[in-house]
$ cat run.pdb   # PDB, C-alpha atoms
ATOM      1  CA  MET A  24     138.589-131.473 -69.718
ATOM      2  CA  GLN A  25     136.924-129.710 -72.652
ATOM      3  CA  PRO A  26     138.920-126.791 -74.071
ATOM      4  CA  ASP A  27     136.150-124.274 -73.222
ATOM      5  CA  ARG A  28     136.143-125.412 -69.628
ATOM      6  CA  ALA A  29     139.914-125.288 -69.306
ATOM      7  CA  GLU A  30     140.041-121.831 -70.831
ATOM      8  CA  THR A  31     137.298-120.475 -68.538
ATOM      9  CA  LEU A  32     139.038-121.935 -65.508
ATOM     10  CA  ARG A  33     142.414-120.497 -66.552
ATOM     11  CA  ASP A  34     140.965-117.021 -67.131
ATOM     12  CA  ALA A  35     139.084-117.052 -63.820
ATOM     13  CA  VAL A  36     142.032-118.240 -61.717
ATOM     14  CA  GLY A  37     144.431-115.894 -63.533
ATOM     15  CA  LEU A  38     142.255-112.849 -62.935
ATOM     16  CA  GLY A  39     141.619-113.896 -59.327
ATOM     17  CA  LEU A  40     145.358-114.161 -58.632
ATOM     18  CA  ALA A  41     146.251-110.917 -60.422
ATOM     19  CA  VAL A  42     143.601-108.798 -58.702
ATOM     20  CA  GLY A  43     144.002-110.644 -55.400
ATOM     21  CA  LEU A  44     147.646-109.565 -55.137
ATOM     22  CA  TYR A  45     146.424-105.993 -54.961
ATOM     23  CA  GLY A  46     145.235-106.801 -51.432
ATOM     24  CA  VAL A  47     148.805-105.945 -50.374
ATOM     25  CA  ALA A  48     148.096-102.318 -51.272
ATOM     26  CA  PHE A  49     144.822-102.445 -49.361
ATOM     27  CA  GLY A  50     146.421-103.928 -46.251
ATOM     28  CA  ALA A  51     149.209-101.347 -46.325
ATOM     29  CA  ALA A  52     146.772 -98.479 -46.895
ATOM     30  CA  ALA A  53     144.578 -99.720 -44.027
ATOM     31  CA  ASP A  54     147.587 -99.639 -41.722
ATOM     32  CA  ALA A  55     148.492 -96.137 -42.912
ATOM     33  CA  ALA A  56     144.903 -95.065 -42.163
ATOM     34  CA  GLY A  57     145.301 -96.220 -38.553
ATOM     35  CA  LEU A  58     143.410 -99.531 -38.721
ATOM     36  CA  ASP A  59     144.872-102.608 -37.072
ATOM     37  CA  VAL A  60     145.440-105.858 -38.925
ATOM     38  CA  TRP A  61     142.187-107.411 -37.605
ATOM     39  CA  GLN A  62     140.099-104.498 -38.868
ATOM     40  CA  ALA A  63     141.798-104.736 -42.269
ATOM     41  CA  LEU A  64     141.146-108.476 -42.360
ATOM     42  CA  VAL A  65     137.473-108.153 -41.372
ATOM     43  CA  LEU A  66     137.015-105.675 -44.234
ATOM     44  CA  SER A  67     138.591-108.056 -46.750
ATOM     45  CA  ALA A  68     136.804-111.130 -45.368
ATOM     46  CA  VAL A  69     133.312-109.691 -44.787
ATOM     47  CA  MET A  70     132.958-106.558 -46.934
ATOM     48  CA  PHE A  71     135.019-108.063 -49.788
ATOM     49  CA  THR A  72     134.524-105.333 -52.377
ATOM     50  CA  GLY A  73     137.688-103.389 -53.110
ATOM     51  CA  ALA A  74     136.494 -99.882 -53.954
ATOM     52  CA  SER A  75     134.249 -99.725 -50.848
ATOM     53  CA  GLN A  76     137.054-101.050 -48.644
ATOM     54  CA  PHE A  77     139.450 -98.390 -49.951
ATOM     55  CA  ALA A  78     136.798 -95.680 -49.567
ATOM     56  CA  LEU A  79     136.108 -96.619 -45.940
ATOM     57  CA  ILE A  80     139.760 -96.503 -44.914
ATOM     58  CA  GLY A  81     140.361 -93.438 -47.111
ATOM     59  CA  VAL A  82     137.750 -91.416 -45.239
ATOM     60  CA  LEU A  83     138.826 -92.740 -41.815
ATOM     61  CA  GLY A  84     142.479 -92.084 -42.691
ATOM     62  CA  ALA A  85     141.631 -88.481 -43.613
ATOM     63  CA  GLY A  86     140.220 -88.071 -40.089
ATOM     64  CA  GLY A  87     136.617 -88.487 -41.218
ATOM     65  CA  SER A  88     133.723 -89.608 -39.032
ATOM     66  CA  PRO A  89     132.592 -93.255 -39.036
ATOM     67  CA  LEU A  90     129.297 -92.079 -40.557
ATOM     68  CA  ALA A  91     130.980 -90.422 -43.567
ATOM     69  CA  ALA A  92     133.189 -93.505 -43.978
ATOM     70  CA  VAL A  93     130.222 -95.900 -43.933
ATOM     71  CA  GLY A  94     128.286 -93.629 -46.323
ATOM     72  CA  SER A  95     131.021 -93.587 -48.956
ATOM     73  CA  ALA A  96     131.520 -97.364 -48.700
ATOM     74  CA  LEU A  97     127.791 -98.034 -49.126
ATOM     75  CA  LEU A  98     127.468 -95.628 -52.068
ATOM     76  CA  LEU A  99     130.220 -97.499 -53.894
ATOM     77  CA  GLY A 100     128.644-100.806 -52.853
ATOM     78  CA  THR A 101     125.402-100.109 -54.754
ATOM     79  CA  ARG A 102     127.200-101.341 -57.916
ATOM     80  CA  ASN A 103     127.068-104.855 -56.573
ATOM     81  CA  THR A 104     123.276-104.741 -56.236
ATOM     82  CA  VAL A 105     122.964-104.198 -59.979
ATOM     83  CA  TYR A 106     125.549-106.919 -60.662
ATOM     84  CA  GLY A 107     123.443-109.313 -58.604
ATOM     85  CA  VAL A 108     120.383-108.603 -60.737
ATOM     86  CA  ARG A 109     122.426-109.372 -63.869
ATOM     87  CA  LEU A 110     123.824-112.579 -62.374
ATOM     88  CA  VAL A 111     120.532-114.155 -61.204
ATOM     89  CA  PRO A 112     119.544-115.536 -64.633
ATOM     90  CA  LEU A 113     123.078-116.889 -65.186
ATOM     91  CA  LEU A 114     123.798-118.430 -61.786
ATOM     92  CA  ARG A 115     120.216-119.193 -60.621
ATOM     93  CA  PRO A 116     121.158-119.631 -56.962
ATOM     94  CA  ARG A 117     118.436-121.839 -55.441
ATOM     95  CA  GLY A 118     117.376-121.569 -51.828
ATOM     96  CA  PRO A 119     118.303-119.001 -49.194
ATOM     97  CA  LEU A 120     121.646-120.630 -48.304
ATOM     98  CA  ARG A 121     122.942-120.777 -51.890
ATOM     99  CA  ARG A 122     121.770-117.230 -52.426
ATOM    100  CA  ALA A 123     123.433-115.964 -49.237
ATOM    101  CA  GLY A 124     126.697-117.687 -50.196
ATOM    102  CA  THR A 125     126.652-116.485 -53.797
ATOM    103  CA  ALA A 126     125.920-112.900 -52.720
ATOM    104  CA  HIS A 127     129.194-112.681 -50.798
ATOM    105  CA  TRP A 128     131.267-112.985 -53.984
ATOM    106  CA  VAL A 129     129.225-110.653 -56.210
ATOM    107  CA  ILE A 130     131.868-108.055 -57.199
ATOM    108  CA  ASP A 131     133.260-106.360 -60.338
ATOM    109  CA  GLU A 132     135.582-109.218 -61.266
ATOM    110  CA  THR A 133     133.261-112.199 -60.718
ATOM    111  CA  THR A 134     130.482-110.403 -62.606
ATOM    112  CA  ALA A 135     132.764-109.676 -65.563
ATOM    113  CA  LEU A 136     133.997-113.293 -65.610
ATOM    114  CA  SER A 137     130.466-114.754 -65.449
ATOM    115  CA  LEU A 138     129.078-112.457 -68.144
ATOM    116  CA  ALA A 139     132.050-113.240 -70.423
ATOM    117  CA  ALA A 140     131.630-117.037 -70.113
ATOM    118  CA  PRO A 141     130.220-118.752 -73.234
ATOM    119  CA  ASP A 142     127.291-120.505 -71.485
ATOM    120  CA  ARG A 143     125.454-120.844 -68.158
ATOM    121  CA  ALA A 144     127.395-123.815 -66.811
ATOM    122  CA  LEU A 145     130.692-122.096 -67.549
ATOM    123  CA  ALA A 146     129.373-118.846 -66.048
ATOM    124  CA  GLY A 147     128.840-120.723 -62.783
ATOM    125  CA  LEU A 148     132.339-122.213 -62.996
ATOM    126  CA  ALA A 149     133.907-118.821 -63.746
ATOM    127  CA  PHE A 150     132.066-117.266 -60.800
ATOM    128  CA  LEU A 151     133.176-119.975 -58.353
ATOM    129  CA  ALA A 152     136.757-120.359 -59.562
ATOM    130  CA  GLY A 153     137.346-116.606 -59.913
ATOM    131  CA  GLY A 154     135.571-115.827 -56.646
ATOM    132  CA  ALA A 155     137.428-118.471 -54.624
ATOM    133  CA  THR A 156     140.858-117.539 -56.032
ATOM    134  CA  LEU A 157     140.295-113.841 -55.539
ATOM    135  CA  TYR A 158     138.822-114.255 -52.052
ATOM    136  CA  LEU A 159     141.703-116.360 -50.752
ATOM    137  CA  THR A 160     144.440-114.273 -52.392
ATOM    138  CA  TRP A 161     142.871-110.936 -51.398
ATOM    139  CA  ASN A 162     142.555-111.923 -47.732
ATOM    140  CA  ALA A 163     146.056-113.404 -47.523
ATOM    141  CA  THR A 164     147.693-110.396 -49.175
ATOM    142  CA  THR A 165     145.667-108.004 -46.976
ATOM    143  CA  VAL A 166     147.345-109.499 -43.902
ATOM    144  CA  VAL A 167     150.775-109.366 -45.579
ATOM    145  CA  GLY A 168     150.270-105.692 -46.504
ATOM    146  CA  ALA A 169     148.962-104.666 -43.074
ATOM    147  CA  LEU A 170     151.783-106.415 -41.171
ATOM    148  CA  GLY A 171     154.424-105.242 -43.651
ATOM    149  CA  ALA A 172     153.332-101.600 -43.516
ATOM    150  CA  ALA A 173     153.302-101.621 -39.689
ATOM    151  CA  ALA A 174     157.040-102.309 -39.766
ATOM    152  CA  LEU A 175     157.907 -99.395 -42.094
ATOM    153  CA  GLY A 176     160.127 -96.417 -41.201
ATOM    154  CA  GLY A 177     159.915 -92.734 -42.231
ATOM    155  CA  THR A 178     160.870 -92.836 -45.918
ATOM    156  CA  ALA A 179     158.912 -96.013 -46.610
ATOM    157  CA  ARG A 180     155.941 -94.429 -44.841
ATOM    158  CA  ALA A 181     156.205 -91.419 -47.205
ATOM    159  CA  ALA A 182     156.211 -93.880 -50.112
ATOM    160  CA  LEU A 183     153.061 -95.504 -48.757
ATOM    161  CA  ASP A 184     151.385 -92.082 -48.348
ATOM    162  CA  ALA A 185     151.971 -91.523 -52.065
ATOM    163  CA  VAL A 186     150.705 -94.992 -53.004
ATOM    164  CA  VAL A 187     147.223 -94.479 -51.486
ATOM    165  CA  PRO A 188     146.055 -91.565 -53.725
ATOM    166  CA  ALA A 189     147.685 -93.307 -56.698
ATOM    167  CA  ALA A 190     145.614 -96.412 -55.894
ATOM    168  CA  PHE A 191     142.409 -94.352 -56.064
ATOM    169  CA  LEU A 192     143.572 -92.842 -59.363
ATOM    170  CA  ALA A 193     144.222 -96.346 -60.701
ATOM    171  CA  LEU A 194     140.696 -97.416 -59.665
ATOM    172  CA  LEU A 195     139.220 -94.328 -61.333
ATOM    173  CA  TRP A 196     141.289 -94.400 -64.539
ATOM    174  CA  PRO A 197     139.533 -97.213 -66.472
ATOM    175  CA  ARG A 198     136.145 -95.536 -65.860
ATOM    176  CA  LEU A 199     137.300 -92.516 -67.877
ATOM    177  CA  GLY A 200     138.274 -94.566 -70.938
ATOM    178  CA  ARG A 201     136.285 -95.871 -73.883
ATOM    179  CA  ALA A 202     135.465 -99.217 -72.288
ATOM    180  CA  PHE A 203     132.873 -97.515 -70.056
ATOM    181  CA  PRO A 204     129.582 -96.020 -71.257
ATOM    182  CA  GLU A 205     129.615 -92.252 -71.846
ATOM    183  CA  PRO A 206     133.286 -91.582 -71.028
ATOM    184  CA  ALA A 207     132.842 -87.832 -71.611
ATOM    185  CA  VAL A 208     130.193 -87.673 -68.865
ATOM    186  CA  GLN A 209     132.371 -89.871 -66.629
ATOM    187  CA  ARG A 210     135.209 -87.360 -67.014
ATOM    188  CA  ARG A 211     132.918 -84.408 -66.229
ATOM    189  CA  VAL A 212     131.565 -86.168 -63.142
ATOM    190  CA  ALA A 213     135.089 -87.076 -61.980
ATOM    191  CA  LEU A 214     136.345 -83.524 -62.457
ATOM    192  CA  GLY A 215     133.243 -82.177 -60.702
ATOM    193  CA  GLY A 216     133.706 -84.590 -57.807
ATOM    194  CA  ALA A 217     137.346 -83.565 -57.386
ATOM    195  CA  VAL A 218     136.538 -79.835 -57.498
ATOM    196  CA  VAL A 219     133.648 -80.143 -55.020
ATOM    197  CA  ALA A 220     135.754 -82.207 -52.599
ATOM    198  CA  LEU A 221     138.706 -79.834 -52.732
ATOM    199  CA  ALA A 222     136.524 -76.716 -52.428
ATOM    200  CA  LEU A 223     134.695 -78.094 -49.366
ATOM    201  CA  THR A 224     137.842 -79.355 -47.581
ATOM    202  CA  PRO A 225     138.511 -76.216 -45.473
ATOM    203  CA  PHE A 226     134.859 -75.896 -44.405
ATOM    204  CA  VAL A 227     133.455 -79.341 -43.572
ATOM    205  CA  PRO A 228     134.568 -82.092 -41.170
ATOM    206  CA  PRO A 229     137.077 -84.448 -42.835
ATOM    207  CA  GLY A 230     135.449 -87.119 -44.979
ATOM    208  CA  VAL A 231     132.190 -85.257 -45.515
ATOM    209  CA  GLN A 232     133.578 -83.687 -48.704
ATOM    210  CA  VAL A 233     133.966 -87.184 -50.189
ATOM    211  CA  VAL A 234     130.304 -88.051 -49.718
ATOM    212  CA  ALA A 235     129.287 -84.513 -50.795
ATOM    213  CA  ALA A 236     131.139 -85.040 -54.090
ATOM    214  CA  VAL A 237     128.225 -87.159 -55.333
ATOM    215  CA  VAL A 238     126.396 -83.891 -56.080
ATOM    216  CA  ALA A 239     128.733 -83.800 -59.099
ATOM    217  CA  VAL A 240     126.633 -86.625 -60.527
ATOM    218  CA  ALA A 241     123.537 -84.452 -60.384
ATOM    219  CA  LEU A 242     125.402 -81.460 -61.838
ATOM    220  CA  ALA A 243     127.465 -83.119 -64.565
ATOM    221  CA  GLY A 244     125.886 -86.527 -65.030
ATOM    222  CA  ARG A 245     122.386 -85.527 -66.026
ATOM    223  CA  PRO A 246     121.141 -87.900 -68.662
ATOM    224  CA  ARG A 247     120.695 -86.449 -72.114
ATOM    225  CA  ARG A 248     117.060 -86.607 -73.128
ATOM    226  CA  ALA A 249     117.704 -89.143 -75.887
ATOM    227  CA  VAL A 250     119.401 -91.425 -73.383
ATOM    228  CA  ALA A 251     116.818 -90.988 -70.660
ATOM    229  CA  SER A 252     113.813 -91.814 -72.795
TER     230      SER A 252
ATOM    231  CA  MET B  10     133.484-100.322 -29.150
ATOM    232  CA  SER B  11     135.643 -97.812 -31.009
ATOM    233  CA  GLY B  12     134.278 -95.722 -33.871
ATOM    234  CA  THR B  13     136.608 -97.511 -36.279
ATOM    235  CA  TRP B  14     135.277-100.958 -35.367
ATOM    236  CA  THR B  15     131.694 -99.694 -35.628
ATOM    237  CA  ALA B  16     132.391 -98.289 -39.100
ATOM    238  CA  VAL B  17     134.150-101.498 -40.190
ATOM    239  CA  LEU B  18     131.313-103.766 -39.027
ATOM    240  CA  VAL B  19     128.354-101.609 -40.097
ATOM    241  CA  ALA B  20     129.811-100.922 -43.555
ATOM    242  CA  SER B  21     130.798-104.580 -44.029
ATOM    243  CA  VAL B  22     127.334-105.867 -43.193
ATOM    244  CA  GLY B  23     125.742-103.057 -45.235
ATOM    245  CA  CYS B  24     127.837-103.847 -48.319
ATOM    246  CA  TYR B  25     126.951-107.540 -47.978
ATOM    247  CA  LEU B  26     123.233-106.709 -47.769
ATOM    248  CA  LEU B  27     123.556-104.582 -50.934
ATOM    249  CA  LYS B  28     124.978-107.646 -52.705
ATOM    250  CA  LEU B  29     122.270-109.922 -51.297
ATOM    251  CA  ALA B  30     119.550-107.471 -52.351
ATOM    252  CA  GLY B  31     120.626-107.801 -55.986
ATOM    253  CA  LEU B  32     120.036-111.556 -55.864
ATOM    254  CA  SER B  33     116.785-111.265 -53.895
ATOM    255  CA  VAL B  34     114.627-108.385 -55.155
ATOM    256  CA  PRO B  35     112.686-108.384 -58.421
ATOM    257  CA  ALA B  36     114.843-107.106 -61.284
ATOM    258  CA  SER B  37     112.300-104.379 -62.072
ATOM    259  CA  TRP B  38     112.985-102.702 -58.704
ATOM    260  CA  VAL B  39     116.640-102.245 -59.580
ATOM    261  CA  GLU B  40     116.397-101.652 -63.319
ATOM    262  CA  GLN B  41     115.230 -98.044 -63.018
ATOM    263  CA  PRO B  42     116.879 -95.291 -65.076
ATOM    264  CA  TRP B  43     117.903 -93.340 -61.960
ATOM    265  CA  VAL B  44     119.477 -96.415 -60.373
ATOM    266  CA  ALA B  45     121.475 -96.958 -63.553
ATOM    267  CA  ARG B  46     122.715 -93.336 -63.414
ATOM    268  CA  VAL B  47     123.774 -93.698 -59.778
ATOM    269  CA  VAL B  48     125.608 -96.943 -60.436
ATOM    270  CA  ASP B  49     127.274 -95.669 -63.612
ATOM    271  CA  PHE B  50     128.461 -92.322 -62.300
ATOM    272  CA  VAL B  51     128.693 -92.253 -58.483
ATOM    273  CA  PRO B  52     131.959 -94.241 -58.487
ATOM    274  CA  ALA B  53     133.647 -91.648 -60.743
ATOM    275  CA  ALA B  54     132.638 -88.773 -58.434
ATOM    276  CA  LEU B  55     133.616 -90.581 -55.221
ATOM    277  CA  LEU B  56     136.898 -91.977 -56.516
ATOM    278  CA  ALA B  57     137.943 -88.587 -57.918
ATOM    279  CA  ALA B  58     137.078 -86.970 -54.574
ATOM    280  CA  LEU B  59     139.169 -89.598 -52.786
ATOM    281  CA  VAL B  60     142.094 -88.959 -55.160
ATOM    282  CA  VAL B  61     142.235 -85.260 -54.236
ATOM    283  CA  VAL B  62     141.434 -85.753 -50.529
ATOM    284  CA  GLN B  63     144.119 -88.427 -50.162
ATOM    285  CA  GLY B  64     146.594 -86.644 -52.425
ATOM    286  CA  LEU B  65     146.208 -82.984 -51.521
ATOM    287  CA  THR B  66     144.655 -82.532 -48.087
ATOM    288  CA  SER B  67     145.644 -82.955 -44.468
ATOM    289  CA  GLY B  68     142.775 -82.310 -42.072
ATOM    290  CA  ASP B  69     141.205 -78.997 -43.100
ATOM    291  CA  ASP B  70     144.250 -77.857 -45.083
ATOM    292  CA  ILE B  71     145.282 -78.257 -48.683
ATOM    293  CA  VAL B  72     148.863 -79.522 -48.672
ATOM    294  CA  VAL B  73     151.287 -80.059 -51.539
ATOM    295  CA  ASP B  74     153.949 -82.707 -50.867
ATOM    296  CA  GLY B  75     155.375 -85.935 -52.245
ATOM    297  CA  ARG B  76     151.886 -87.351 -52.685
ATOM    298  CA  LEU B  77     151.255 -84.955 -55.585
ATOM    299  CA  ALA B  78     154.482 -86.097 -57.266
ATOM    300  CA  GLY B  79     153.251 -89.671 -56.775
ATOM    301  CA  LEU B  80     149.928 -88.811 -58.411
ATOM    302  CA  ALA B  81     151.645 -87.164 -61.395
ATOM    303  CA  VAL B  82     153.874 -90.192 -61.926
ATOM    304  CA  ALA B  83     150.884 -92.527 -61.521
ATOM    305  CA  ALA B  84     148.859 -90.596 -64.117
ATOM    306  CA  LEU B  85     151.749 -90.813 -66.588
ATOM    307  CA  ALA B  86     152.153 -94.551 -65.938
ATOM    308  CA  LEU B  87     148.406 -95.158 -66.337
ATOM    309  CA  ALA B  88     148.389 -93.195 -69.607
ATOM    310  CA  LEU B  89     151.194 -95.488 -70.824
ATOM    311  CA  ARG B  90     149.073 -98.510 -69.801
ATOM    312  CA  ALA B  91     151.461 -99.699 -67.122
ATOM    313  CA  PRO B  92     150.154-102.590 -64.989
ATOM    314  CA  PHE B  93     148.476-101.736 -61.698
ATOM    315  CA  ILE B  94     151.331-102.840 -59.481
ATOM    316  CA  VAL B  95     153.893-100.873 -61.525
ATOM    317  CA  VAL B  96     151.750 -97.736 -61.175
ATOM    318  CA  LEU B  97     151.709 -98.118 -57.385
ATOM    319  CA  LEU B  98     155.437 -98.858 -57.126
ATOM    320  CA  LEU B  99     156.330 -95.800 -59.240
ATOM    321  CA  ALA B 100     154.030 -93.567 -57.173
ATOM    322  CA  GLY B 101     155.608 -94.873 -53.979
ATOM    323  CA  ALA B 102     159.114 -94.270 -55.339
ATOM    324  CA  ALA B 103     158.181 -90.691 -56.280
ATOM    325  CA  GLY B 104     156.751 -90.030 -52.805
ATOM    326  CA  ALA B 105     159.844 -91.487 -51.136
ATOM    327  CA  GLY B 106     162.091 -89.465 -53.457
ATOM    328  CA  VAL B 107     160.422 -86.180 -52.530
ATOM    329  CA  HIS B 108     160.600 -87.129 -48.830
ATOM    330  CA  VAL B 109     164.353 -87.759 -49.077
ATOM    331  CA  LEU B 110     165.040 -84.586 -51.116
ATOM    332  CA  THR B 111     163.006 -82.260 -48.887
ATOM    333  CA  GLY B 112     164.104 -83.901 -45.643
TER     334      GLY B 112
END

$ encode --input "run.pdb" --output "structure tokens"
Amino acid sequence: MQPDRAETLRDAVGLGLAVGLYGVAFGAAADAAGLDVWQALVLSAVMFTGASQFALIGVLGAGGSPLAAVGSALLLGTRNTVYGVRLVPLLRPRGPLRRAGTAHWVIDETTALSLAAPDRALAGLAFLAGGATLYLTWNATTVVGALGAAALGGTARAALDAVVPAAFLALLWPRLGRAFPEPAVQRRVALGGAVVALALTPFVPPGVQVVAAVVAVALAGRPRRAVAS
Amino acid sequence: MSGTWTAVLVASVGCYLLKLAGLSVPASWVEQPWVARVVDFVPAALLAALVVVQGLTSGDDIVVDGRLAGLAVAALALALRAPFIVVLLLAGAAGAGVHVLTG
């Protein structure tokens, strides 16, 4: 095997395993939110996009309506549409079947792996190897987390309650750093979203404040003129 | 069918269609400035809202308990560049600690 190929494969499988293990936290959080193991597994197997999965169970767990839960999951899922557009020239999925199959694995991690690969053939390999590893690990660990959490007692349950908000913070954190475009605006939007959600909590049905927090984007995330033009 | 199952299935299919759309529609439809703003910034607003809703609320009430201690510990661990799993374990330990201390 050529060194480039081996390196791409190693990176893809390594990332897939590392991120896939985090499915334990998802499975446990889904159980804490009142979902059964089948519902957690359907989310990991069919939805298969972590932030949306966490958002759906986060809103349902807070007592939110199914509509608010679906809305927050879909809003976070719009990322993947843009990833798909970036991946088409690299992966060139031909025919409706290839396209339908490829679409299922278009997520943060597979996009990053494909874009980082040195050429088109290796981009395809990175997408498949990373996607397959992550998909299998994520689904297996989801079941482990959901079954494990269902067996927990009082103190362990309190630990799990503290893990769920920390998981959202860990998902948010990298977006506020220098690796993302316009980190100062990201921080303003995040702060705005938190303030809006907290301020609305006593007045709106649970979960609605999460979807309403997107107004923070309009308030704090307005493009500067130089950027917009 | 329960509301939870409906939400699970509708959101799952919807998220898949969003992925499929990216591979199917002309790039010019998606590469609009306002779409870029939504994709760049909506996650920050939603995730921050979920942090405070999951960490500080219970129903209509704002509640301070072990979850806030977990968040503080998690923020410190993230600032020190701790790996993901370590962040979650520390947050869980903090939440359990507060639960044991406060009964």

$ resolve_selection --input "run.pdb" --expression "the PyMOL selection byres ((chain B) within 7 of (chain A))" --output "ChimeraX atom specification"
/B:12-14,16-17,20-25,27-32,36,39,48,50-64,67-70,75-76,79-80,83,93,97,100-102,104-105,108-109

$ atom_distance --input "run.pdb" --atom1 "CA of Ala78 (chain B)" --atom2 "CA of Ala91 (chain B)"
17.1 Å

$ atom_distance --input "run.pdb" --atom1 "CA of Ala81 (chain B)" --atom2 "CA of Ala53 (chain A)"
22.6 Å

$ atom_distance --input "run.pdb" --atom1 "CA of Glu132 (chain A)" --atom2 "CA of Ala35 (chain A)"
9.0 Å

$ axis_aligned_box --input "run.pdb" --around "region 145-152 of chain A" --padding-each-side "6 Å" --output "AutoDock Vina command-line options"
--center_x 132.8 --center_y -119.7 --center_z -63.0 --size_x 19.9 --size_y 16.9 --size_z 21.2

$ resolve_selection --input "run.pdb" --expression "the PyMOL selection byres ((chain A and resi 152) around 12)" --output "MDAnalysis selection string"
chainID A and resid 28:40 128 132:133 136:137 145:151 153:159
